[in-house]
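Q: Next comes work_26.pdb, PDB, C-alpha atoms, pLDDT in the B column:
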ATOM      1  CA  MET A   1     -78.363 -59.123 -39.170  1.00 46.00           C
ATOM      2  CA  GLY A   2     -80.775 -61.007 -41.404  1.00 53.00           C
ATOM      3  CA  GLN A   3     -82.616 -59.365 -44.235  1.00 59.00           C
ATOM      4  CA  LEU A   4     -86.245 -58.376 -43.820  1.00 64.00           C
ATOM      5  CA  PRO A   5     -88.614 -60.986 -45.226  1.00 87.00           C
ATOM      6  CA  GLU A   6     -90.654 -60.351 -48.352  1.00 94.00           C
ATOM      7  CA  THR A   7     -94.073 -58.735 -48.085  1.00 97.00           C
ATOM      8  CA  HIS A   8     -96.735 -59.713 -50.604  1.00 98.00           C
ATOM      9  CA  LEU A   9     -99.585 -57.461 -51.649  1.00 98.00           C
ATOM     10  CA  LEU A  10    -102.861 -58.235 -53.403  1.00 98.00           C
ATOM     11  CA  VAL A  11    -104.452 -55.001 -54.612  1.00 98.00           C
ATOM     12  CA  MET A  12    -107.979 -54.853 -56.013  1.00 98.00           C
ATOM     13  CA  ARG A  13    -110.113 -52.108 -57.466  1.00 98.00           C
ATOM     14  CA  HIS A  14    -113.631 -51.862 -56.027  1.00 98.00           C
ATOM     15  CA  GLY A  15    -116.633 -53.274 -57.898  1.00 98.00           C
ATOM     16  CA  GLU A  16    -118.311 -51.253 -60.628  1.00 98.00           C
ATOM     17  CA  THR A  17    -120.401 -48.334 -59.364  1.00 98.00           C
ATOM     18  CA  GLU A  18    -123.387 -46.572 -60.868  1.00 97.00           C
ATOM     19  CA  TRP A  19    -121.144 -43.621 -61.714  1.00 97.00           C
ATOM     20  CA  ASN A  20    -118.565 -45.936 -63.312  1.00 97.00           C
ATOM     21  CA  SER A  21    -121.266 -47.164 -65.660  1.00 96.00           C
ATOM     22  CA  GLN A  22    -122.189 -43.545 -66.462  1.00 97.00           C
ATOM     23  CA  GLY A  23    -118.567 -42.482 -67.000  1.00 97.00           C
ATOM     24  CA  ARG A  24    -118.577 -39.902 -64.193  1.00 98.00           C
ATOM     25  CA  PHE A  25    -115.547 -38.667 -62.282  1.00 98.00           C
ATOM     26  CA  GLN A  26    -115.962 -39.944 -58.727  1.00 97.00           C
ATOM     27  CA  GLY A  27    -112.902 -38.785 -56.824  1.00 98.00           C
ATOM     28  CA  HIS A  28    -113.755 -38.424 -53.145  1.00 98.00           C
ATOM     29  CA  LEU A  29    -117.485 -38.394 -53.794  1.00 97.00           C
ATOM     30  CA  ASP A  30    -119.236 -41.721 -53.823  1.00 91.00           C
ATOM     31  CA  SER A  31    -121.619 -43.861 -55.802  1.00 95.00           C
ATOM     32  CA  VAL A  32    -123.062 -47.198 -54.753  1.00 96.00           C
ATOM     33  CA  LEU A  33    -122.048 -50.414 -56.456  1.00 98.00           C
ATOM     34  CA  SER A  34    -124.169 -51.246 -59.464  1.00 97.00           C
ATOM     35  CA  ARG A  35    -125.835 -54.644 -59.786  1.00 96.00           C
ATOM     36  CA  GLU A  36    -122.848 -55.712 -61.877  1.00 97.00           C
ATOM     37  CA  GLY A  37    -120.504 -54.328 -59.228  1.00 97.00           C
ATOM     38  CA  ARG A  38    -122.185 -56.330 -56.474  1.00 97.00           C
ATOM     39  CA  ALA A  39    -121.842 -59.482 -58.567  1.00 97.00           C
ATOM     40  CA  GLN A  40    -118.167 -58.696 -59.128  1.00 97.00           C
ATOM     41  CA  ALA A  41    -117.629 -58.209 -55.392  1.00 98.00           C
ATOM     42  CA  GLU A  42    -119.332 -61.523 -54.632  1.00 97.00           C
ATOM     43  CA  ALA A  43    -117.140 -63.313 -57.168  1.00 97.00           C
ATOM     44  CA  LEU A  44    -114.017 -61.653 -55.758  1.00 98.00           C
ATOM     45  CA  GLY A  45    -114.995 -62.679 -52.241  1.00 97.00           C
ATOM     46  CA  GLU A  46    -115.378 -66.302 -53.315  1.00 97.00           C
ATOM     47  CA  TYR A  47    -112.011 -66.157 -55.073  1.00 97.00           C
ATOM     48  CA  LEU A  48    -110.160 -64.641 -52.121  1.00 98.00           C
ATOM     49  CA  ALA A  49    -111.716 -67.151 -49.734  1.00 97.00           C
ATOM     50  CA  ARG A  50    -109.299 -69.638 -51.320  1.00 96.00           C
ATOM     51  CA  GLU A  51    -106.288 -67.357 -50.806  1.00 95.00           C
ATOM     52  CA  ARG A  52    -104.172 -67.008 -47.681  1.00 96.00           C
ATOM     53  CA  PHE A  53    -103.617 -63.451 -46.533  1.00 98.00           C
ATOM     54  CA  ASP A  54    -103.060 -61.860 -43.162  1.00 98.00           C
ATOM     55  CA  LEU A  55    -104.674 -58.437 -43.352  1.00 98.00           C
ATOM     56  CA  LEU A  56    -107.592 -56.928 -45.289  1.00 98.00           C
ATOM     57  CA  LEU A  57    -107.323 -53.179 -45.894  1.00 98.00           C
ATOM     58  CA  ALA A  58    -109.686 -50.816 -47.669  1.00 98.00           C
ATOM     59  CA  SER A  59    -110.003 -47.187 -48.657  1.00 98.00           C
ATOM     60  CA  ASP A  60    -112.474 -45.329 -46.462  1.00 98.00           C
ATOM     61  CA  LEU A  61    -114.685 -44.439 -49.449  1.00 98.00           C
ATOM     62  CA  GLY A  62    -118.001 -46.259 -49.584  1.00 98.00           C
ATOM     63  CA  ARG A  63    -117.471 -48.168 -52.833  1.00 98.00           C
ATOM     64  CA  ALA A  64    -114.234 -49.693 -51.532  1.00 98.00           C
ATOM     65  CA  LEU A  65    -115.705 -50.469 -48.119  1.00 98.00           C
ATOM     66  CA  GLN A  66    -118.773 -52.059 -49.720  1.00 98.00           C
ATOM     67  CA  THR A  67    -116.524 -54.311 -51.798  1.00 98.00           C
ATOM     68  CA  ALA A  68    -114.274 -55.133 -48.835  1.00 98.00           C
ATOM     69  CA  SER A  69    -117.312 -55.996 -46.700  1.00 98.00           C
ATOM     70  CA  VAL A  70    -118.339 -58.665 -49.184  1.00 98.00           C
ATOM     71  CA  ILE A  71    -114.814 -60.099 -49.101  1.00 98.00           C
ATOM     72  CA  ALA A  72    -114.753 -60.045 -45.289  1.00 98.00           C
ATOM     73  CA  MET A  73    -117.992 -62.014 -45.119  1.00 98.00           C
ATOM     74  CA  ARG A  74    -116.308 -64.786 -47.129  1.00 97.00           C
ATOM     75  CA  THR A  75    -112.871 -64.737 -45.498  1.00 97.00           C
ATOM     76  CA  GLY A  76    -113.616 -63.763 -41.895  1.00 97.00           C
ATOM     77  CA  HIS A  77    -111.100 -60.899 -41.850  1.00 98.00           C
ATOM     78  CA  GLU A  78    -111.659 -57.625 -40.048  1.00 98.00           C
ATOM     79  CA  ILE A  79    -111.394 -54.605 -42.349  1.00 98.00           C
ATOM     80  CA  VAL A  80    -108.589 -52.157 -41.589  1.00 98.00           C
ATOM     81  CA  VAL A  81    -109.667 -48.774 -42.962  1.00 98.00           C
ATOM     82  CA  GLU A  82    -106.850 -46.823 -44.611  1.00 98.00           C
ATOM     83  CA  PRO A  83    -107.771 -43.292 -45.821  1.00 98.00           C
ATOM     84  CA  ARG A  84    -104.503 -42.987 -47.777  1.00 97.00           C
ATOM     85  CA  LEU A  85    -105.906 -45.547 -50.233  1.00 98.00           C
ATOM     86  CA  ARG A  86    -108.541 -43.066 -51.413  1.00 98.00           C
ATOM     87  CA  GLU A  87    -108.980 -42.253 -55.081  1.00 98.00           C
ATOM     88  CA  ARG A  88    -107.495 -39.053 -56.500  1.00 98.00           C
ATOM     89  CA  ARG A  89    -109.412 -36.023 -55.294  1.00 98.00           C
ATOM     90  CA  MET A  90    -110.949 -34.694 -58.511  1.00 98.00           C
ATOM     91  CA  GLY A  91    -112.159 -31.356 -57.125  1.00 98.00           C
ATOM     92  CA  ILE A  92    -114.530 -29.446 -59.398  1.00 98.00           C
ATOM     93  CA  PHE A  93    -114.736 -32.426 -61.788  1.00 98.00           C
ATOM     94  CA  GLN A  94    -116.330 -34.740 -59.221  1.00 98.00           C
ATOM     95  CA  GLY A  95    -119.769 -36.055 -60.110  1.00 98.00           C
ATOM     96  CA  LEU A  96    -119.530 -34.881 -63.730  1.00 98.00           C
ATOM     97  CA  THR A  97    -118.936 -36.692 -66.999  1.00 98.00           C
ATOM     98  CA  PRO A  98    -115.977 -35.593 -69.159  1.00 98.00           C
ATOM     99  CA  ALA A  99    -118.413 -33.884 -71.554  1.00 98.00           C
ATOM    100  CA  GLU A 100    -119.985 -31.954 -68.663  1.00 98.00           C
ATOM    101  CA  VAL A 101    -116.556 -30.934 -67.361  1.00 98.00           C
ATOM    102  CA  GLN A 102    -115.498 -29.762 -70.818  1.00 98.00           C
ATOM    103  CA  ALA A 103    -118.662 -27.673 -71.141  1.00 98.00           C
ATOM    104  CA  ARG A 104    -118.492 -26.112 -67.653  1.00 98.00           C
ATOM    105  CA  TYR A 105    -114.728 -25.818 -67.191  1.00 98.00           C
ATOM    106  CA  PRO A 106    -113.147 -25.756 -70.673  1.00 98.00           C
ATOM    107  CA  ASP A 107    -109.834 -24.212 -69.581  1.00 98.00           C
ATOM    108  CA  GLU A 108    -109.394 -26.593 -66.652  1.00 98.00           C
ATOM    109  CA  TYR A 109    -110.329 -29.588 -68.787  1.00 98.00           C
ATOM    110  CA  ALA A 110    -107.804 -28.557 -71.433  1.00 98.00           C
ATOM    111  CA  ARG A 111    -105.073 -28.436 -68.776  1.00 97.00           C
ATOM    112  CA  PHE A 112    -106.176 -31.773 -67.386  1.00 97.00           C
ATOM    113  CA  SER A 113    -106.052 -33.319 -70.860  1.00 96.00           C
ATOM    114  CA  THR A 114    -102.374 -32.419 -71.320  1.00 96.00           C
ATOM    115  CA  ARG A 115    -101.484 -35.191 -68.824  1.00 94.00           C
ATOM    116  CA  ASP A 116     -99.227 -32.780 -66.921  1.00 97.00           C
ATOM    117  CA  PRO A 117     -98.528 -34.754 -63.719  1.00 98.00           C
ATOM    118  CA  ASP A 118     -98.167 -31.539 -61.723  1.00 98.00           C
ATOM    119  CA  TYR A 119    -101.479 -30.001 -62.765  1.00 98.00           C
ATOM    120  CA  VAL A 120    -103.674 -29.630 -59.679  1.00 98.00           C
ATOM    121  CA  ILE A 121    -107.401 -29.776 -60.445  1.00 98.00           C
ATOM    122  CA  PRO A 122    -109.101 -26.870 -58.600  1.00 98.00           C
ATOM    123  CA  ASP A 123    -110.053 -28.191 -55.140  1.00 98.00           C
ATOM    124  CA  GLY A 124    -108.387 -31.482 -56.107  1.00 98.00           C
ATOM    125  CA  GLU A 125    -105.027 -33.206 -56.452  1.00 98.00           C
ATOM    126  CA  SER A 126    -102.381 -33.594 -59.117  1.00 98.00           C
ATOM    127  CA  THR A 127    -101.312 -36.936 -60.525  1.00 98.00           C
ATOM    128  CA  ARG A 128     -97.966 -36.554 -58.773  1.00 98.00           C
ATOM    129  CA  GLN A 129     -99.618 -35.926 -55.413  1.00 98.00           C
ATOM    130  CA  LEU A 130    -101.680 -39.090 -55.851  1.00 98.00           C
ATOM    131  CA  PHE A 131     -98.562 -41.011 -56.895  1.00 98.00           C
ATOM    132  CA  GLU A 132     -96.573 -39.937 -53.864  1.00 98.00           C
ATOM    133  CA  ARG A 133     -99.440 -40.646 -51.473  1.00 98.00           C
ATOM    134  CA  SER A 134    -100.126 -44.101 -52.938  1.00 98.00           C
ATOM    135  CA  VAL A 135     -96.513 -45.288 -53.054  1.00 98.00           C
ATOM    136  CA  ALA A 136     -95.758 -43.967 -49.567  1.00 98.00           C
ATOM    137  CA  CYS A 137     -98.816 -45.730 -48.167  1.00 98.00           C
ATOM    138  CA  PHE A 138     -98.065 -49.139 -49.669  1.00 98.00           C
ATOM    139  CA  THR A 139     -94.374 -48.940 -48.790  1.00 97.00           C
ATOM    140  CA  GLU A 140     -95.090 -48.006 -45.171  1.00 97.00           C
ATOM    141  CA  LEU A 141     -97.601 -50.848 -44.905  1.00 97.00           C
ATOM    142  CA  ALA A 142     -95.141 -53.331 -46.403  1.00 97.00           C
ATOM    143  CA  GLU A 143     -92.395 -52.320 -43.990  1.00 95.00           C
ATOM    144  CA  ARG A 144     -94.716 -52.322 -40.984  1.00 96.00           C
ATOM    145  CA  HIS A 145     -96.075 -55.777 -41.857  1.00 96.00           C
ATOM    146  CA  ALA A 146     -92.872 -57.316 -43.211  1.00 95.00           C
ATOM    147  CA  GLY A 147     -93.230 -60.984 -44.067  1.00 96.00           C
ATOM    148  CA  LEU A 148     -97.019 -60.917 -44.293  1.00 98.00           C
ATOM    149  CA  THR A 149     -99.462 -61.014 -47.203  1.00 98.00           C
ATOM    150  CA  LEU A 150    -101.754 -57.986 -47.373  1.00 98.00           C
ATOM    151  CA  ALA A 151    -104.951 -57.577 -49.390  1.00 98.00           C
ATOM    152  CA  ALA A 152    -106.179 -54.059 -50.171  1.00 98.00           C
ATOM    153  CA  VAL A 153    -109.334 -52.757 -51.845  1.00 98.00           C
ATOM    154  CA  THR A 154    -108.673 -49.405 -53.445  1.00 98.00           C
ATOM    155  CA  HIS A 155    -109.367 -47.415 -56.631  1.00 98.00           C
ATOM    156  CA  GLY A 156    -108.309 -47.254 -60.251  1.00 98.00           C
ATOM    157  CA  GLY A 157    -106.198 -44.134 -59.813  1.00 98.00           C
ATOM    158  CA  VAL A 158    -104.245 -45.594 -56.906  1.00 98.00           C
ATOM    159  CA  LEU A 159    -103.685 -48.836 -58.808  1.00 98.00           C
ATOM    160  CA  ALA A 160    -102.492 -46.934 -61.870  1.00 98.00           C
ATOM    161  CA  MET A 161     -99.947 -45.042 -59.792  1.00 98.00           C
ATOM    162  CA  PHE A 162     -98.629 -48.188 -58.162  1.00 98.00           C
ATOM    163  CA  TYR A 163     -98.335 -49.989 -61.495  1.00 98.00           C
ATOM    164  CA  ARG A 164     -96.306 -47.058 -62.845  1.00 98.00           C
ATOM    165  CA  HIS A 165     -94.068 -47.107 -59.776  1.00 98.00           C
ATOM    166  CA  ALA A 166     -93.371 -50.847 -59.968  1.00 98.00           C
ATOM    167  CA  ARG A 167     -92.699 -50.662 -63.705  1.00 97.00           C
ATOM    168  CA  ALA A 168     -90.781 -47.346 -63.575  1.00 97.00           C
ATOM    169  CA  MET A 169     -93.313 -45.928 -66.036  1.00 97.00           C
ATOM    170  CA  PRO A 170     -93.418 -42.114 -66.433  1.00 97.00           C
ATOM    171  CA  LEU A 171     -96.467 -40.401 -64.973  1.00 97.00           C
ATOM    172  CA  ASP A 172     -97.233 -38.603 -68.229  1.00 95.00           C
ATOM    173  CA  ALA A 173     -96.985 -41.709 -70.422  1.00 95.00           C
ATOM    174  CA  PRO A 174    -100.300 -42.853 -71.937  1.00 93.00           C
ATOM    175  CA  ARG A 175    -101.872 -45.715 -70.005  1.00 93.00           C
ATOM    176  CA  ASP A 176    -101.372 -49.014 -71.811  1.00 93.00           C
ATOM    177  CA  PHE A 177    -102.790 -51.306 -69.140  1.00 95.00           C
ATOM    178  CA  ALA A 178    -106.333 -52.199 -68.074  1.00 95.00           C
ATOM    179  CA  LEU A 179    -107.905 -51.291 -64.719  1.00 96.00           C
ATOM    180  CA  HIS A 180    -110.522 -53.966 -64.145  1.00 97.00           C
ATOM    181  CA  ASN A 181    -113.138 -53.607 -61.425  1.00 98.00           C
ATOM    182  CA  THR A 182    -112.272 -56.299 -58.818  1.00 98.00           C
ATOM    183  CA  GLY A 183    -109.261 -57.464 -60.828  1.00 97.00           C
ATOM    184  CA  VAL A 184    -106.539 -58.960 -58.608  1.00 98.00           C
ATOM    185  CA  ASN A 185    -103.044 -57.477 -58.939  1.00 98.00           C
ATOM    186  CA  ARG A 186    -100.030 -58.967 -57.153  1.00 98.00           C
ATOM    187  CA  PHE A 187     -96.910 -57.172 -55.974  1.00 98.00           C
ATOM    188  CA  ARG A 188     -93.885 -58.126 -53.877  1.00 97.00           C
ATOM    189  CA  HIS A 189     -91.821 -55.849 -51.645  1.00 97.00           C
ATOM    190  CA  ARG A 190     -88.262 -57.105 -51.301  1.00 93.00           C
ATOM    191  CA  LEU A 191     -85.021 -55.362 -50.305  1.00 89.00           C
ATOM    192  CA  GLY A 192     -86.757 -51.990 -50.316  1.00 90.00           C
ATOM    193  CA  ALA A 193     -88.141 -52.299 -53.851  1.00 96.00           C
ATOM    194  CA  TRP A 194     -91.487 -53.242 -55.379  1.00 97.00           C
ATOM    195  CA  GLN A 195     -91.927 -55.866 -58.079  1.00 97.00           C
ATOM    196  CA  LEU A 196     -95.082 -56.497 -60.101  1.00 98.00           C
ATOM    197  CA  GLN A 197     -95.776 -60.231 -60.142  1.00 97.00           C
ATOM    198  CA  CYS A 198     -99.148 -60.473 -61.840  1.00 97.00           C
ATOM    199  CA  TRP A 199    -101.573 -57.884 -63.234  1.00 98.00           C
ATOM    200  CA  GLY A 200    -105.294 -58.069 -63.907  1.00 96.00           C
ATOM    201  CA  GLU A 201    -106.415 -61.506 -62.748  1.00 96.00           C
ATOM    202  CA  ILE A 202    -110.100 -61.576 -63.708  1.00 96.00           C
ATOM    203  CA  GLY A 203    -110.877 -65.268 -64.165  1.00 93.00           C
ATOM    204  CA  HIS A 204    -113.200 -65.148 -61.157  1.00 95.00           C
ATOM    205  CA  LEU A 205    -115.433 -62.695 -63.035  1.00 93.00           C
ATOM    206  CA  ASP A 206    -116.403 -65.456 -65.467  1.00 88.00           C
ATOM    207  CA  LEU A 207    -118.431 -66.849 -62.591  1.00 67.00           C
ATOM    208  CA  ALA A 208    -120.040 -63.532 -61.638  1.00 69.00           C
ATOM    209  CA  SER A 209    -123.816 -63.527 -61.961  1.00 53.00           C
ATOM    210  CA  ASP A 210    -125.561 -60.418 -63.237  1.00 47.00           C
ATOM    211  CA  ASP A 211    -128.083 -60.905 -60.450  1.00 43.00           C
ATOM    212  CA  PRO A 212    -126.304 -61.204 -57.091  1.00 38.00           C
ATOM    213  CA  GLU A 213    -129.574 -61.186 -55.214  1.00 35.00           C
TER     214      GLU A 213
END
Now, as a test, write the supplied structure out as structure tokens.

A:
Amino acid sequence: MGQLPETHLLVMRHGETEWNSQGRFQGHLDSVLSREGRAQAEALGEYLARERFDLLLASDLGRALQTASVIAMRTGHEIVVEPRLRERRMGIFQGLTPAEVQARYPDEYARFSTRDPDYVIPDGESTRQLFERSVACFTELAERHAGLTLAAVTHGGVLAMFYRHARAMPLDAPRDFALHNTGVNRFRHRLGAWQLQCWGEIGHLDLASDDPE
């Protein structure tokens, strides 16, 4: 029997949101794209219009769908909504800044700050739960669509988990990589394993206007 063909994956974080610009934990709550975020999405859509890919997926959260909709208008793809691509559920932290969380929930924030991958935020998820969900989702998609090129709009937390998986980086290690809004990140699934091919392509953002209207 022949080996399964390679699957290629382009993974992008959504455009900047109003809460991103304010430094708020978003989690499963939502915030609309900022003016800068809309410009980033437009630039990403123009960039991906020159790429060949077979399927456009997006988290079911509004900021990812809003970004994916801009891409779809440029590329003509239908959007396949995938709830497993959601951001980490941040529970009681959602909608608050780190300073607000520290003031309201000092004990929980102290636990969160230890980087313990198994710490579950009240009403939320742990880092390990997000990791397992993210990796399982991308691997299942790659196996189901073997030989194709997939594009997915997701969130910073999901991207961080997938980077760590592809690089065999411990979950509690300090992050030493950037998570750019609408940055393009390329992975390959081959022989049951993931390889990181390129991280943080942001050249298209040089062309982003600060007034997408």

Q: Considering all atoms listed in the file, return as a PyMOL selection string whatever protein or nucleic-acid residues lie within 12 Å of segment 184-195 of chain A, sequence-local ones (same chain, fewer than 6 positions apart) excluded.

A: chain A and resi 2-15+40-41+43-45+47-48+51+135-136+138-154+156+159-160+162-168+177-178+201-205

Q: So, counting all atoms listed in the file, which residue among A:Gly27, A:Pro106, A:Gly76, A:Gly62 is closest to Ala49 of chain A?

A: A:Gly76

Q: Can you turn the PyMOL selection byres ((chain A and resi 86-88) around 10) into a concrete residue list for this file, as an MDAnalysis selection string?

A: chainID A and resid 25:29 58:61 64 82:85 89:91 124:127 129:131 133:134 153:159

Q: Let me see the file: selected residues, C-alpha atoms, as a PDB file, in the coordinates of the input.

A:
ATOM      1  CA  PHE A  25    -115.547 -38.667 -62.282  1.00 98.00           C
ATOM      2  CA  GLN A  26    -115.962 -39.944 -58.727  1.00 97.00           C
ATOM      3  CA  GLY A  27    -112.902 -38.785 -56.824  1.00 98.00           C
ATOM      4  CA  HIS A  28    -113.755 -38.424 -53.145  1.00 98.00           C
ATOM      5  CA  LEU A  29    -117.485 -38.394 -53.794  1.00 97.00           C
ATOM      6  CA  ALA A  58    -109.686 -50.816 -47.669  1.00 98.00           C
ATOM      7  CA  SER A  59    -110.003 -47.187 -48.657  1.00 98.00           C
ATOM      8  CA  ASP A  60    -112.474 -45.329 -46.462  1.00 98.00           C
ATOM      9  CA  LEU A  61    -114.685 -44.439 -49.449  1.00 98.00           C
ATOM     10  CA  ALA A  64    -114.234 -49.693 -51.532  1.00 98.00           C
ATOM     11  CA  GLU A  82    -106.850 -46.823 -44.611  1.00 98.00           C
ATOM     12  CA  PRO A  83    -107.771 -43.292 -45.821  1.00 98.00           C
ATOM     13  CA  ARG A  84    -104.503 -42.987 -47.777  1.00 97.00           C
ATOM     14  CA  LEU A  85    -105.906 -45.547 -50.233  1.00 98.00           C
ATOM     15  CA  ARG A  89    -109.412 -36.023 -55.294  1.00 98.00           C
ATOM     16  CA  MET A  90    -110.949 -34.694 -58.511  1.00 98.00           C
ATOM     17  CA  GLY A  91    -112.159 -31.356 -57.125  1.00 98.00           C
ATOM     18  CA  GLY A 124    -108.387 -31.482 -56.107  1.00 98.00           C
ATOM     19  CA  GLU A 125    -105.027 -33.206 -56.452  1.00 98.00           C
ATOM     20  CA  SER A 126    -102.381 -33.594 -59.117  1.00 98.00           C
ATOM     21  CA  THR A 127    -101.312 -36.936 -60.525  1.00 98.00           C
ATOM     22  CA  GLN A 129     -99.618 -35.926 -55.413  1.00 98.00           C
ATOM     23  CA  LEU A 130    -101.680 -39.090 -55.851  1.00 98.00           C
ATOM     24  CA  PHE A 131     -98.562 -41.011 -56.895  1.00 98.00           C
ATOM     25  CA  ARG A 133     -99.440 -40.646 -51.473  1.00 98.00           C
ATOM     26  CA  SER A 134    -100.126 -44.101 -52.938  1.00 98.00           C
ATOM     27  CA  VAL A 153    -109.334 -52.757 -51.845  1.00 98.00           C
ATOM     28  CA  THR A 154    -108.673 -49.405 -53.445  1.00 98.00           C
ATOM     29  CA  HIS A 155    -109.367 -47.415 -56.631  1.00 98.00           C
ATOM     30  CA  GLY A 156    -108.309 -47.254 -60.251  1.00 98.00           C
ATOM     31  CA  GLY A 157    -106.198 -44.134 -59.813  1.00 98.00           C
ATOM     32  CA  VAL A 158    -104.245 -45.594 -56.906  1.00 98.00           C
ATOM     33  CA  LEU A 159    -103.685 -48.836 -58.808  1.00 98.00           C
TER      34      LEU A 159
END

Q: Could you please determine the separation between atom CA of Gln66 of chain A and atom CA of Val32 of chain A in Å, to one decimal place?

A: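 Going from atom CA of Gln66 of chain A over to atom CA of Val32 of chain A, I get 8.2 Å.
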
Q: Please enclose the listed atoms of segment 14-29 of chain A in an axis-aligned box, pad each side by 4 Å, and write out the centre and the three edge lengths in Å, rounded to one decimal, as JSON.

A:
{"center_x": -118.1, "center_y": -45.8, "center_z": -60.1, "size_x": 18.5, "size_y": 22.9, "size_z": 21.9}

Q: When the PyMOL selection byres ((chain A and resi 69) around 10) is applied to the structure above, which residues does it catch, written out as a PyMOL selection string?

A: chain A and resi 41-42+45+56+58+63-68+70-79

Q: Report the distance between atom CA of Arg35 of chain A and atom CA of Arg50 of chain A in Å, rounded to one decimal place.

A: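 Result for atom CA of Arg35 of chain A versus atom CA of Arg50 of chain A: 23.9 Å, one decimal.
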
Q: List the residues matched by the PyMOL selection byres ((chain A and resi 95) around 7) in the displayed structure as a VMD selection string, ordered by chain and then by residue number.

A: chain A and resid 24 to 26 93 to 94 96 to 97

Q: Taking the structure I provided as the source, export segment 83-103 of chain A with C-alpha atoms, as an mmCIF file, in the first residue's frame.

A:
data_model
loop_
_atom_site.group_PDB
_atom_site.id
_atom_site.type_symbol
_atom_site.label_atom_id
_atom_site.label_comp_id
_atom_site.auth_asym_id
_atom_site.auth_seq_id
_atom_site.Cartn_x
_atom_site.Cartn_y
_atom_site.Cartn_z
ATOM 1 C CA PRO A 83 -15.801 24.917 17.003
ATOM 2 C CA ARG A 84 -12.716 22.965 18.129
ATOM 3 C CA LEU A 85 -10.595 25.867 16.851
ATOM 4 C CA ARG A 86 -11.949 28.144 19.585
ATOM 5 C CA GLU A 87 -9.633 30.061 21.880
ATOM 6 C CA ARG A 88 -8.944 28.763 25.386
ATOM 7 C CA ARG A 89 -11.979 29.190 27.605
ATOM 8 C CA MET A 90 -10.766 31.726 30.169
ATOM 9 C CA GLY A 91 -13.690 31.398 32.593
ATOM 10 C CA ILE A 92 -13.850 34.083 35.277
ATOM 11 C CA PHE A 93 -11.011 36.019 33.597
ATOM 12 C CA GLN A 94 -12.969 36.682 30.402
ATOM 13 C CA GLY A 95 -13.568 40.329 29.573
ATOM 14 C CA LEU A 96 -11.071 41.565 32.177
ATOM 15 C CA THR A 97 -7.568 42.974 31.933
ATOM 16 C CA PRO A 98 -4.776 41.210 33.862
ATOM 17 C CA ALA A 99 -4.802 44.051 36.416
ATOM 18 C CA GLU A 100 -8.560 43.632 36.924
ATOM 19 C CA VAL A 101 -8.179 39.864 37.310
ATOM 20 C CA GLN A 102 -5.386 40.322 39.848
ATOM 21 C CA ALA A 103 -7.532 42.735 41.859
#
